[in-house]
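**Student:** protein_27.cif is the file, holding mmCIF, C-alpha atoms and all ligand atoms:
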```cif
data_upload
loop_
_atom_site.label_atom_id
_atom_site.label_comp_id
_atom_site.auth_asym_id
_atom_site.auth_seq_id
_atom_site.Cartn_x
_atom_site.Cartn_y
_atom_site.Cartn_z
CA MET A 1 57.13 56.76 113.63
CA LYS A 2 59.95 56.47 116.08
CA ASN A 3 63.31 57.44 114.77
CA PRO A 4 65.17 54.21 113.95
CA LYS A 5 68.56 55.61 114.88
CA LEU A 6 69.25 55.97 118.56
CA PHE A 7 71.69 58.86 118.51
CA ILE A 8 70.15 61.22 116.05
CA GLY A 9 69.15 64.67 117.23
CA ALA A 10 65.60 65.97 117.33
CA LYS A 11 64.45 67.91 114.26
CA ARG A 12 64.42 71.13 116.24
CA LEU A 13 68.20 70.97 116.43
CA ALA A 14 68.49 70.80 112.67
CA GLN A 15 66.57 74.10 112.43
CA LEU A 16 69.28 76.02 114.22
CA PRO A 17 71.39 78.14 111.89
CA PRO A 18 75.01 77.01 111.49
CA TYR A 19 77.35 78.38 114.15
CA LEU A 20 79.37 80.79 112.05
CA PHE A 21 82.16 81.19 114.54
CA ALA A 22 82.93 77.44 114.64
CA GLU A 23 85.46 77.31 111.80
CA LEU A 24 87.16 80.46 113.04
CA ASP A 25 87.31 79.11 116.61
CA ARG A 26 89.00 76.02 115.25
CA LYS A 27 91.58 78.11 113.37
CA LYS A 28 92.19 80.24 116.45
CA ARG A 29 92.90 77.18 118.60
CA GLN A 30 95.13 75.80 115.88
CA ALA A 31 97.11 79.07 115.73
CA VAL A 32 97.58 79.00 119.52
CA ARG A 33 98.67 75.36 119.39
CA SER A 34 101.21 76.09 116.68
CA GLY A 35 102.81 78.62 119.03
CA ARG A 36 101.56 81.89 117.52
CA ASP A 37 101.10 84.83 119.86
CA VAL A 38 97.35 85.22 119.30
CA ILE A 39 95.69 88.42 120.55
CA ASP A 40 92.12 87.42 121.27
CA LEU A 41 89.69 90.28 120.65
CA GLY A 42 86.97 87.87 119.63
CA VAL A 43 85.11 86.73 122.71
CA GLY A 44 82.82 88.89 124.84
CA ASP A 45 84.13 87.59 128.13
CA PRO A 46 85.87 89.92 130.63
CA ASP A 47 89.56 89.13 131.16
CA MET A 48 89.60 90.72 134.64
CA ALA A 49 89.04 88.87 137.91
CA THR A 50 85.84 89.11 139.92
CA PRO A 51 86.36 91.72 142.69
CA SER A 52 87.76 90.03 145.78
CA LEU A 53 85.02 91.06 148.21
CA ILE A 54 82.55 89.10 146.06
CA ILE A 55 84.84 86.06 146.11
CA GLN A 56 85.24 86.39 149.90
CA ARG A 57 81.49 86.38 150.37
CA LEU A 58 81.18 83.26 148.21
CA ARG A 59 83.80 81.47 150.32
CA LEU A 60 81.94 82.31 153.49
CA GLU A 61 78.52 81.33 152.21
CA ALA A 62 79.76 78.17 150.52
CA ALA A 63 80.93 76.91 153.93
CA ARG A 64 77.45 77.21 155.45
CA LYS A 65 75.37 74.08 155.17
CA GLU A 66 72.19 76.09 154.60
CA THR A 67 73.41 77.03 151.14
CA HIS A 68 74.03 73.39 150.20
CA ARG A 69 70.36 72.63 149.83
CA TYR A 70 68.08 73.41 146.88
CA PRO A 71 67.65 77.16 146.56
CA SER A 72 64.17 78.67 146.24
CA TYR A 73 62.88 78.70 142.66
CA ASN A 74 62.51 82.44 142.22
CA GLY A 75 65.70 83.32 144.03
CA LEU A 76 66.47 84.17 147.64
CA GLN A 77 64.04 86.68 149.11
CA GLU A 78 66.98 88.79 150.33
CA PHE A 79 68.62 88.80 146.89
CA ARG A 80 65.36 89.83 145.20
CA GLU A 81 64.99 92.67 147.70
CA VAL A 82 68.55 93.84 147.09
CA ILE A 83 67.91 93.68 143.33
CA ALA A 84 64.77 95.82 143.74
CA ASP A 85 66.69 98.35 145.87
CA TRP A 86 69.57 98.50 143.42
CA PHE A 87 67.17 98.91 140.52
CA GLU A 88 65.36 101.78 142.17
CA SER A 89 68.56 103.60 143.07
CA ARG A 90 70.09 103.05 139.61
CA PHE A 91 67.05 103.63 137.37
CA SER A 92 64.46 105.25 139.69
CA VAL A 93 62.08 102.38 138.95
CA PRO A 94 60.43 100.71 141.98
CA LEU A 95 59.96 96.92 141.73
CA ASP A 96 57.95 94.47 143.79
CA PRO A 97 60.60 91.88 144.77
CA ASN A 98 57.90 89.18 145.04
CA ARG A 99 56.20 89.62 141.69
CA GLU A 100 58.49 91.62 139.45
CA VAL A 101 61.91 90.06 140.06
CA LEU A 102 63.17 86.60 139.05
CA VAL A 103 66.71 85.33 139.63
CA LEU A 104 68.27 83.59 136.60
CA ILE A 105 71.18 81.22 135.99
CA GLY A 106 72.73 84.00 133.94
CA SER A 107 70.58 86.20 131.73
CA LYS A 108 71.19 83.99 128.70
CA GLU A 109 69.21 81.25 130.41
CA GLY A 110 66.20 83.55 130.85
CA LEU A 111 66.45 85.03 127.35
CA GLY A 112 66.55 81.52 125.90
CA HIS A 113 63.66 80.20 128.01
CA LEU A 114 61.36 83.19 127.52
CA PRO A 115 59.96 82.00 124.15
CA TRP A 116 58.94 78.72 125.86
CA ALA A 117 56.83 80.77 128.24
CA LEU A 118 55.24 83.06 125.66
CA LEU A 119 55.12 81.46 122.21
CA ASP A 120 52.92 78.69 120.93
CA PRO A 121 54.31 76.72 117.99
CA GLY A 122 54.40 78.84 114.85
CA GLU A 123 53.99 82.15 116.67
CA THR A 124 56.26 85.04 115.82
CA ALA A 125 59.05 86.76 117.71
CA ILE A 126 60.54 89.90 116.17
CA ILE A 127 64.33 89.84 116.33
CA PRO A 128 66.85 92.46 115.25
CA ASN A 129 69.45 91.76 112.57
CA PRO A 130 72.26 91.78 113.64
CA ALA A 131 71.75 90.48 117.21
CA TYR A 132 73.02 88.25 120.00
CA PRO A 133 72.19 84.77 118.59
CA VAL A 134 70.22 83.51 121.63
CA TYR A 135 67.03 85.42 120.68
CA GLU A 136 66.66 83.64 117.35
CA ASN A 137 67.88 80.26 118.53
CA GLY A 138 65.71 80.29 121.66
CA THR A 139 62.71 81.19 119.50
CA LEU A 140 63.44 78.35 117.07
CA LEU A 141 63.94 75.77 119.83
CA ALA A 142 60.56 76.74 121.32
CA GLY A 143 58.89 76.19 117.93
CA GLY A 144 58.42 79.92 117.30
CA LYS A 145 59.04 81.83 114.09
CA PRO A 146 61.69 84.55 114.03
CA PHE A 147 60.90 87.65 111.99
CA ARG A 148 64.03 89.70 111.56
CA ILE A 149 64.06 93.49 111.38
CA PRO A 150 67.05 95.55 110.26
CA LEU A 151 69.34 97.58 112.48
CA LEU A 152 71.06 100.00 110.15
CA GLU A 153 74.09 102.18 110.68
CA GLU A 154 72.25 105.22 109.23
CA ASP A 155 69.55 104.78 111.90
CA ARG A 156 72.17 104.43 114.63
CA TYR A 157 71.18 100.75 114.86
CA LEU A 158 67.72 101.52 116.25
CA PRO A 159 64.89 99.59 114.54
CA ASP A 160 62.06 101.37 112.73
CA LEU A 161 59.07 99.61 114.27
CA GLU A 162 56.60 101.63 112.19
CA ALA A 163 58.09 99.95 109.13
CA ILE A 164 56.78 96.57 110.34
CA ALA A 165 53.57 95.76 108.43
CA PRO A 166 50.55 96.07 110.79
CA ASN A 167 49.45 92.48 110.16
CA MET A 168 52.93 91.25 111.11
CA ALA A 169 52.98 93.48 114.22
CA ASP A 170 49.52 92.13 115.16
CA ALA A 171 50.66 88.54 114.73
CA ALA A 172 53.87 88.99 116.74
CA LYS A 173 53.90 88.09 120.43
CA LEU A 174 57.39 89.05 121.39
CA LEU A 175 60.00 91.65 120.44
CA TYR A 176 63.65 91.31 121.46
CA LEU A 177 65.78 94.42 121.89
CA ASN A 178 69.22 95.01 123.38
CA TYR A 179 70.69 98.41 124.35
CA PRO A 180 73.53 99.13 124.89
CA ASN A 181 73.83 96.76 121.96
CA ASN A 182 75.96 93.73 121.28
CA PRO A 183 77.47 93.63 118.63
CA THR A 184 77.14 97.22 117.39
CA GLY A 185 77.81 99.14 120.63
CA ALA A 186 74.75 101.33 119.85
CA VAL A 187 72.76 102.96 122.64
CA ALA A 188 69.10 103.93 123.01
CA ASP A 189 67.60 106.86 124.90
CA ALA A 190 64.36 107.10 126.87
CA ASP A 191 62.49 108.68 123.91
CA PHE A 192 63.26 105.64 121.81
CA PHE A 193 62.11 103.31 124.60
CA GLN A 194 58.90 105.33 124.95
CA SER A 195 58.14 104.91 121.24
CA VAL A 196 58.80 101.15 121.54
CA VAL A 197 56.48 100.81 124.54
CA ASP A 198 53.72 102.79 122.78
CA TRP A 199 54.09 100.56 119.72
CA ALA A 200 54.03 97.39 121.84
CA VAL A 201 50.91 98.51 123.74
CA ARG A 202 49.20 99.28 120.43
CA TYR A 203 49.94 95.80 119.02
CA ASN A 204 49.95 93.78 122.23
CA VAL A 205 53.53 92.62 121.95
CA VAL A 206 55.77 91.70 124.89
CA ILE A 207 59.08 93.56 124.81
CA CYS A 208 62.06 91.58 126.01
CA HIS A 209 64.86 94.05 126.63
CA ASP A 210 68.30 92.53 127.11
CA ALA A 211 70.13 95.03 129.34
CA ALA A 212 73.37 93.09 129.89
CA TYR A 213 75.52 96.19 129.23
CA THR A 214 73.73 99.05 131.01
CA GLU A 215 76.63 99.37 133.48
CA ILE A 216 79.49 99.28 130.99
CA ALA A 217 79.28 102.88 129.79
CA PHE A 218 81.80 105.68 129.37
CA ASN A 219 82.49 109.35 129.96
CA GLY A 220 79.69 109.69 132.48
CA TYR A 221 76.99 108.33 130.17
CA ARG A 222 74.43 106.17 132.05
CA PRO A 223 72.16 104.05 129.83
CA PRO A 224 68.47 104.10 130.85
CA SER A 225 66.23 101.12 131.59
CA LEU A 226 63.32 100.30 129.30
CA LEU A 227 61.22 100.13 132.46
CA SER A 228 61.84 103.81 133.22
CA VAL A 229 59.37 105.00 130.56
CA ALA A 230 55.61 105.37 131.01
CA GLY A 231 53.61 102.17 130.57
CA ALA A 232 56.69 99.96 130.25
CA LYS A 233 55.61 97.47 132.90
CA LYS A 234 52.41 96.80 130.94
CA VAL A 235 54.40 95.16 128.15
CA GLY A 236 58.06 94.97 129.14
CA VAL A 237 60.52 92.68 130.84
CA GLU A 238 64.19 93.47 131.16
CA PHE A 239 67.09 91.06 131.56
CA HIS A 240 70.09 92.06 133.64
CA SER A 241 73.28 90.23 134.35
CA LEU A 242 76.08 90.35 136.89
CA SER A 243 78.35 88.78 134.28
CA LYS A 244 79.63 91.85 132.48
CA THR A 245 79.11 94.37 135.29
CA PHE A 246 81.23 92.53 137.88
CA ASN A 247 83.43 90.21 135.76
CA MET A 248 81.28 87.24 136.79
CA THR A 249 80.54 85.41 133.52
CA GLY A 250 81.54 82.06 135.01
CA TRP A 251 79.35 82.42 138.08
CA ARG A 252 76.05 82.25 136.17
CA VAL A 253 73.80 84.76 137.84
CA GLY A 254 71.43 87.34 136.41
CA PHE A 255 67.84 88.46 136.82
CA ALA A 256 64.66 89.38 134.97
CA VAL A 257 62.50 92.30 136.08
CA GLY A 258 59.26 93.88 134.89
CA ASN A 259 55.76 92.74 133.93
CA ALA A 260 54.54 90.43 136.69
CA ASP A 261 52.60 88.07 134.36
CA VAL A 262 55.59 87.54 132.11
CA ILE A 263 57.88 87.05 135.12
CA LYS A 264 55.43 84.49 136.47
CA ALA A 265 55.21 82.61 133.15
CA LEU A 266 59.01 82.47 132.84
CA GLY A 267 59.20 81.26 136.45
CA GLU A 268 56.77 78.42 135.58
CA ILE A 269 59.04 77.21 132.78
CA LYS A 270 62.11 77.45 134.97
CA LYS A 271 60.46 75.61 137.86
CA ASN A 272 60.17 72.64 135.51
CA VAL A 273 63.68 72.63 134.10
CA ASP A 274 66.02 73.97 136.78
CA SER A 275 66.18 74.53 140.50
CA GLY A 276 67.72 77.96 140.71
CA VAL A 277 71.11 79.48 141.38
CA PHE A 278 73.45 78.08 144.07
CA GLY A 279 72.60 79.97 147.26
CA ALA A 280 76.20 80.98 147.93
CA VAL A 281 76.37 82.58 144.48
CA GLN A 282 73.18 84.52 145.23
CA TYR A 283 74.73 85.87 148.45
CA ALA A 284 77.79 86.82 146.41
CA GLY A 285 75.37 88.64 144.09
CA ILE A 286 74.01 90.55 147.09
CA GLU A 287 77.57 91.54 147.97
CA ALA A 288 78.18 92.72 144.40
CA LEU A 289 75.06 94.90 144.19
CA ASP A 290 75.60 96.25 147.72
CA HIS A 291 79.06 97.46 146.63
CA TYR A 292 78.08 98.48 143.12
CA SER A 293 79.11 102.14 143.36
CA GLU A 294 82.55 101.43 144.75
CA LEU A 295 83.29 98.65 142.22
CA ILE A 296 81.87 99.84 138.93
CA ASP A 297 83.97 102.93 138.20
CA ASP A 298 87.26 101.02 138.09
CA ILE A 299 85.77 98.48 135.72
CA ARG A 300 84.38 101.21 133.45
CA MET A 301 87.71 103.05 133.38
CA VAL A 302 89.63 99.99 132.24
CA TYR A 303 87.35 99.52 129.23
CA GLN A 304 87.22 103.24 128.48
CA ASP A 305 91.03 103.37 128.24
CA ARG A 306 91.13 100.33 126.00
CA ARG A 307 88.35 101.72 123.84
CA ASP A 308 90.28 104.95 123.30
CA VAL A 309 93.36 103.03 122.18
CA LEU A 310 91.46 100.83 119.73
CA VAL A 311 89.10 103.49 118.36
CA GLU A 312 91.91 105.99 117.80
CA GLY A 313 94.20 103.33 116.36
CA LEU A 314 91.69 101.90 113.90
CA THR A 315 90.46 105.35 112.87
CA ARG A 316 94.04 106.36 112.04
CA LEU A 317 94.31 103.26 109.87
CA GLY A 318 91.21 104.21 107.88
CA TRP A 319 88.65 101.91 109.50
CA LYS A 320 85.10 103.28 109.74
CA LEU A 321 83.55 103.19 113.17
CA HIS A 322 81.68 105.10 115.85
CA LYS A 323 83.27 105.79 119.18
CA THR A 324 81.54 103.29 121.46
CA GLU A 325 79.65 104.97 124.33
CA ALA A 326 78.79 101.71 126.07
CA THR A 327 79.51 97.93 125.94
CA PHE A 328 83.01 96.55 125.56
CA TYR A 329 82.76 96.19 121.78
CA VAL A 330 83.99 98.21 118.83
CA TRP A 331 82.02 97.57 115.64
CA ALA A 332 84.09 98.57 112.66
CA ARG A 333 84.22 98.48 108.88
CA PRO A 334 87.69 97.99 107.42
CA PRO A 335 89.04 100.12 104.59
CA VAL A 336 88.99 97.10 102.24
CA GLU A 337 86.01 95.37 100.60
CA ARG A 338 85.90 91.80 101.86
CA SER A 339 83.37 89.50 103.42
CA SER A 340 83.58 89.70 107.19
CA THR A 341 84.52 86.01 107.42
CA GLN A 342 87.37 86.43 104.93
CA LEU A 343 88.52 89.47 106.84
CA ALA A 344 88.48 87.70 110.16
CA GLU A 345 90.44 84.82 108.64
CA ARG A 346 92.97 87.21 107.12
CA LEU A 347 93.39 89.02 110.44
CA LEU A 348 94.04 85.72 112.16
CA GLU A 349 96.42 84.39 109.52
CA GLU A 350 98.43 87.57 108.89
CA THR A 351 98.34 89.31 112.27
CA ALA A 352 97.34 86.55 114.72
CA ILE A 353 94.44 88.71 115.94
CA ALA A 354 91.17 86.93 116.64
CA VAL A 355 87.95 88.91 116.07
CA ALA A 356 84.27 88.14 115.53
CA PRO A 357 83.06 88.51 111.93
CA GLY A 358 79.91 90.64 111.83
CA VAL A 359 77.96 88.15 109.74
CA GLY A 360 77.93 85.78 112.73
CA PHE A 361 75.28 88.08 114.29
CA GLY A 362 73.04 88.18 111.22
CA THR A 363 73.18 88.91 107.50
CA LEU A 364 73.29 92.68 108.10
CA GLY A 365 76.50 92.26 110.08
CA GLU A 366 78.23 91.51 106.77
CA GLY A 367 81.15 93.83 106.13
CA TYR A 368 81.73 94.54 109.82
CA ILE A 369 84.14 93.21 112.40
CA ARG A 370 83.40 93.13 116.13
CA PHE A 371 86.42 93.80 118.30
CA SER A 372 86.08 92.97 121.97
CA LEU A 373 87.90 95.10 124.57
CA THR A 374 88.43 92.14 126.86
CA ASN A 375 92.21 92.10 126.58
CA GLU A 376 94.91 94.25 128.13
CA LYS A 377 95.59 97.74 126.83
CA SER A 378 99.13 96.79 125.82
CA ARG A 379 97.74 93.91 123.76
CA ILE A 380 95.26 96.21 122.06
CA GLU A 381 98.12 98.62 121.24
CA GLU A 382 100.06 95.68 119.85
CA ALA A 383 97.02 94.64 117.78
CA VAL A 384 96.78 98.12 116.22
CA ASP A 385 100.51 97.96 115.39
CA ARG A 386 100.15 94.59 113.76
CA ILE A 387 97.20 95.73 111.64
CA LYS A 388 99.21 98.77 110.57
CA LYS A 389 102.23 96.66 109.58
CA VAL A 390 100.16 94.30 107.45
CA GLY A 391 98.38 97.29 105.94
CA PHE A 392 94.71 96.51 105.67
C1 LIG B 1 76.97 88.28 127.55
C2 LIG B 1 75.58 88.56 127.09
C3 LIG B 1 74.47 87.98 127.72
C4 LIG B 1 74.59 86.82 128.66
O1 LIG B 1 74.96 87.10 129.89
P1 LIG B 1 74.89 86.00 131.05
O2 LIG B 1 74.18 86.69 132.13
O3 LIG B 1 76.30 85.65 131.34
O4 LIG B 1 74.10 84.82 130.55
C5 LIG B 1 73.22 88.37 127.33
N1 LIG B 1 73.04 89.26 126.35
C6 LIG B 1 74.07 89.81 125.69
C7 LIG B 1 73.80 90.77 124.59
C8 LIG B 1 75.38 89.47 126.03
O5 LIG B 1 76.39 89.97 125.32
#
```
Could you render the structure as structure tokens?

**Tutor:**
Amino acid sequence: MKNPKLFIGAKRLAQLPPYLFAELDRKKRQAVRSGRDVIDLGVGDPDMATPSLIIQRLRLEAARKETHRYPSYNGLQEFREVIADWFESRFSVPLDPNREVLVLIGSKEGLGHLPWALLDPGETAIIPNPAYPVYENGTLLAGGKPFRIPLLEEDRYLPDLEAIAPNMADAAKLLYLNYPNNPTGAVADADFFQSVVDWAVRYNVVICHDAAYTEIAFNGYRPPSLLSVAGAKKVGVEFHSLSKTFNMTGWRVGFAVGNADVIKALGEIKKNVDSGVFGAVQYAGIEALDHYSELIDDIRMVYQDRRDVLVEGLTRLGWKLHKTEATFYVWARPPVERSSTQLAERLLEETAIAVAPGVGFGTLGEGYIRFSLTNEKSRIEEAVDRIKKVGF
């Protein structure tokens, strides 16, 4: 029967878990409004400007009438070719720009639409706990069933796929992974990826690897691509983003690469719900990737400096954490026993520091706080001072 009320949401919306950061966001805004000097280490959104040569290219391209028309669905041919070239030089993985590359309106868009392309109602996607919330929410919106697997500190936040019951592994269609990892900052090496690919081939599961942070890595460490291991293209797709690499979160541009059938299926969904990325933004993306090596080191150094300040500061104050090798997050356990939400609220109330409570990324995030390095070094120093004064 038709719903009698006009403005009532579809049932699929009611399935979504509550947004755990909502109450904290409200308190943060309230603190700012009441004039407090809030240090925001909560959001994963770079505070630095997009490099000016990328902005210049956008200006130029935006003035050309050719870019004002609908872009091609899969992305500009030239952009896909530049992506394939960049990928090969960065990861030594060749890609066919026509079949193995798809331009996205930010990688979140692709990660969220992927379950629509792969899952029939009731089918299972395996999702880590804790994780970036889009994997679970995208699965739920598509009518799929999330099956959550633990990421544990003692396993360096790598899942134990052999611990998944064979009947569950057989039933699953999709596995989400993300390394370097948000929120934990954990990294994965090629041996781990090889074991994941072998497992996925054995059980016929598509691996969706979210690689948003492969370029934000420190002290010379360069995270590998899932696609660099043997057999990966049989089962794997990888999602990359210009957002974090080039301070371009607002521009909305990313790309998916890998298994041609999966890329094609995702492209089919997208063809029916969007019409691609603004052409001028795609040309700006070309500019970014073409100048990758001259831009990326400065960006890495800024975060590396900030990381050192925060990691050393918190460690001195008795917090338990690993020195982050990649991503701009520090995942830490405070020296006091409290729920992560209570802790985040206390930090905001007593020190005017905004953070993300670990439980917002899944039940196993309980007890942890995610600090984001997207604020100036001096502000991070100030944050450490404030935490020291209050004495957590
Ligand atoms: C920021 C982020 C994304 C989304 O990036 P966009 O390309 O801006 O959509 C995807 N995955 C993770 C883990 C992120 O932290």

**Student:** Taking only C-alpha atoms and all ligand atoms into account, which residues have an atom no farther than 9 Å from ligand LIG 1 (chain B)? I'd like them as a ChimeraX atom specification.

**Tutor:** /A:44-45,104-111,131-134,178-183,210-213,239-244,248-255,327

**Student:** Determine the nearest neighbour of Tyr203 in chain A from the options A:Ala230, A:Pro166, A:Arg222, A:Asp297, counting only C-alpha atoms.

**Tutor:**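 Going through A:Ala230, A:Pro166, A:Arg222, A:Asp297 one by one, the smallest distance to Tyr203 in chain A is for A:Pro166.
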
**Student:** Which one of A:Thr67, A:Asn259, A:Gln304, A:Asn129 sits closest to Gly358 in chain A if you count all atoms listed in the file?

**Tutor:**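 Ranked by minimum distance to Gly358 in chain A, first place goes to A:Asn129.
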
**Student:** Considering all atoms listed in the file, state which residue in the set A:Thr363, A:Phe192, A:Ile380, A:Gly185 is at the smallest distance from Ala332 in chain A.

**Tutor:**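 Ranked by minimum distance to Ala332 in chain A, first place goes to A:Gly185.
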
**Student:** Work out how far apart CA of Ile387 in chain A and CA of Thr245 in chain A are and give it in Å to one decimal.

**Tutor:**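 That distance, rounded to one decimal, is 29.8 Å.
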
**Student:** To one decimal place, how far is CA of Gly365 in chain A from CA of Tyr176 in chain A in Å?

**Tutor:**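 Those two atoms sit 17.2 Å apart.
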
**Student:** Please provide as a PDB file with C-alpha atoms, keeping the file's coordinate frame all residues within 10 Å of Val38 in chain A, with the sequence filter that same-chain residues fewer than 5 positions apart are discarded (counting all atoms listed in the file).

**Tutor:**
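Here's the written file part.pdb:
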```pdb
ATOM      1  CA  LYS A  28      92.190  80.240 116.450  1.00  0.00           C
ATOM      2  CA  ARG A  29      92.900  77.180 118.600  1.00  0.00           C
ATOM      3  CA  ALA A  31      97.110  79.070 115.730  1.00  0.00           C
ATOM      4  CA  VAL A  32      97.580  79.000 119.520  1.00  0.00           C
ATOM      5  CA  ARG A  33      98.670  75.360 119.390  1.00  0.00           C
ATOM      6  CA  LEU A 348      94.040  85.720 112.160  1.00  0.00           C
ATOM      7  CA  GLU A 349      96.420  84.390 109.520  1.00  0.00           C
ATOM      8  CA  THR A 351      98.340  89.310 112.270  1.00  0.00           C
ATOM      9  CA  ALA A 352      97.340  86.550 114.720  1.00  0.00           C
ATOM     10  CA  ILE A 353      94.440  88.710 115.940  1.00  0.00           C
ATOM     11  CA  ALA A 354      91.170  86.930 116.640  1.00  0.00           C
ATOM     12  CA  ARG A 379      97.740  93.910 123.760  1.00  0.00           C
ATOM     13  CA  ALA A 383      97.020  94.640 117.780  1.00  0.00           C
TER      14      ALA A 383
END
```

**Student:** Set out as a Markdown table a contact list for range 265-294 of chain A and range 89-93 of chain A with a cut-off of 12 Å, giving each residue of range 265-294 of chain A that qualifies its closest atom pair and distance in Å to one decimal, counting all atoms listed in the file, ordered by chain and rising residue number.

**Tutor:**
```
| residue | atom | partner | partner_atom | distance |
| --- | --- | --- | --- | --- |
| A:Leu289 | CA | A:Arg90 | CA | 10.6 |
| A:Asp290 | CA | A:Ser89 | CA | 11.2 |
| A:Tyr292 | CA | A:Arg90 | CA | 9.9 |
| A:Ser293 | CA | A:Arg90 | CA | 9.8 |
```

**Student:** Out of A:Val281, A:Val101, A:Ala188, A:Gly231, which residue has the shortest atom-to-atom distance to His68 in chain A when counting all atoms listed in the file?

**Tutor:** A:Val281

**Student:** Would you give me, as CSV, each residue of range 221-290 of chain A having an atom within 8 Å of an atom of range 74-80 of chain A, along with its shortest atom pair and that distance in Å to one decimal, using only C-alpha atoms and sorting by chain and residue number?

**Tutor:**
```
residue,atom,partner,partner_atom,distance
A:Gly267,CA,A:Asn74,CA,6.8
A:Gly276,CA,A:Gly75,CA,6.6
A:Val277,CA,A:Gly75,CA,7.1
A:Gly279,CA,A:Leu76,CA,7.4
A:Gln282,CA,A:Phe79,CA,6.5
A:Tyr283,CA,A:Phe79,CA,7.0
A:Gly285,CA,A:Phe79,CA,7.3
A:Ile286,CA,A:Phe79,CA,5.7
```

**Student:** Skipping near chain neighbours, those fewer than 5 positions away, what residues fall within 12 Å of Gly220 in chain A using only C-alpha atoms, listed as a count of residues only?

**Tutor:** 8

**Student:** Mind checking which residues fall within 6 Å of range 145-159 of chain A, counting all atoms listed in the file, ignoring those fewer than 3 positions away in the same chain, and posting them as a list in words?

**Tutor:**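 Once the nearby chain positions are removed, what remains is Gly122, Glu123, Thr124, Ala125, Ile126, Ile127, Pro128 and Asn129 of chain A.
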
**Student:** What does the distance from CA of Arg316 in chain A to CA of Val330 in chain A come to in Å, to one decimal?

**Tutor:** 14.6 Å

**Student:** Tell me which of A:Glu287, A:Glu100, A:Asp298, A:Asp274 sits closest to Glu61 in chain A, counting only C-alpha atoms.

**Tutor:** A:Glu287

**Student:** Which residues are near Phe328 in chain A? Cut-off 7 Å, only C-alpha atoms, ignore same chain within fewer than 3 positions. Put them as a ChimeraX atom specification.

**Tutor:** /A:303,372-373

**Student:** For His291 in chain A, which residue among A:Tyr221, A:Phe246, A:Phe21, A:Trp116 is the nearest when counting only C-alpha atoms?

**Tutor:** A:Phe246

**Student:** Quick one: residues within 12 Å of range 6-17 of chain A, all atoms listed in the file counted, chain neighbours fewer than 2 positions away excluded, as a list of chain:residue names?

**Tutor:**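 Neighbouring residues, sequence-local ones excluded: A:Lys2, A:Asn3, A:Pro4, A:Tyr19, A:Leu20, A:Phe21, A:Ala22, A:Pro121, A:Pro133, A:Val134, A:Tyr135, A:Glu136, A:Asn137, A:Gly138, A:Thr139, A:Leu140, A:Leu141, A:Ala142, A:Gly143, A:Gly144, A:Lys145, A:Pro146, A:Gly360, A:Phe361, A:Gly362, A:Thr363.
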
**Student:** Can you write out the residues you just picked, keeping C-alpha atoms, as a PDB file, in the coordinates of the input?

**Tutor:**
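Below is the file that was written, result14.pdb:
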```
ATOM      1  CA  LYS A   2      59.950  56.470 116.080  1.00  0.00           C
ATOM      2  CA  ASN A   3      63.310  57.440 114.770  1.00  0.00           C
ATOM      3  CA  PRO A   4      65.170  54.210 113.950  1.00  0.00           C
ATOM      4  CA  TYR A  19      77.350  78.380 114.150  1.00  0.00           C
ATOM      5  CA  LEU A  20      79.370  80.790 112.050  1.00  0.00           C
ATOM      6  CA  PHE A  21      82.160  81.190 114.540  1.00  0.00           C
ATOM      7  CA  ALA A  22      82.930  77.440 114.640  1.00  0.00           C
ATOM      8  CA  PRO A 121      54.310  76.720 117.990  1.00  0.00           C
ATOM      9  CA  PRO A 133      72.190  84.770 118.590  1.00  0.00           C
ATOM     10  CA  VAL A 134      70.220  83.510 121.630  1.00  0.00           C
ATOM     11  CA  TYR A 135      67.030  85.420 120.680  1.00  0.00           C
ATOM     12  CA  GLU A 136      66.660  83.640 117.350  1.00  0.00           C
ATOM     13  CA  ASN A 137      67.880  80.260 118.530  1.00  0.00           C
ATOM     14  CA  GLY A 138      65.710  80.290 121.660  1.00  0.00           C
ATOM     15  CA  THR A 139      62.710  81.190 119.500  1.00  0.00           C
ATOM     16  CA  LEU A 140      63.440  78.350 117.070  1.00  0.00           C
ATOM     17  CA  LEU A 141      63.940  75.770 119.830  1.00  0.00           C
ATOM     18  CA  ALA A 142      60.560  76.740 121.320  1.00  0.00           C
ATOM     19  CA  GLY A 143      58.890  76.190 117.930  1.00  0.00           C
ATOM     20  CA  GLY A 144      58.420  79.920 117.300  1.00  0.00           C
ATOM     21  CA  LYS A 145      59.040  81.830 114.090  1.00  0.00           C
ATOM     22  CA  PRO A 146      61.690  84.550 114.030  1.00  0.00           C
ATOM     23  CA  GLY A 360      77.930  85.780 112.730  1.00  0.00           C
ATOM     24  CA  PHE A 361      75.280  88.080 114.290  1.00  0.00           C
ATOM     25  CA  GLY A 362      73.040  88.180 111.220  1.00  0.00           C
ATOM     26  CA  THR A 363      73.180  88.910 107.500  1.00  0.00           C
TER      27      THR A 363
END
```
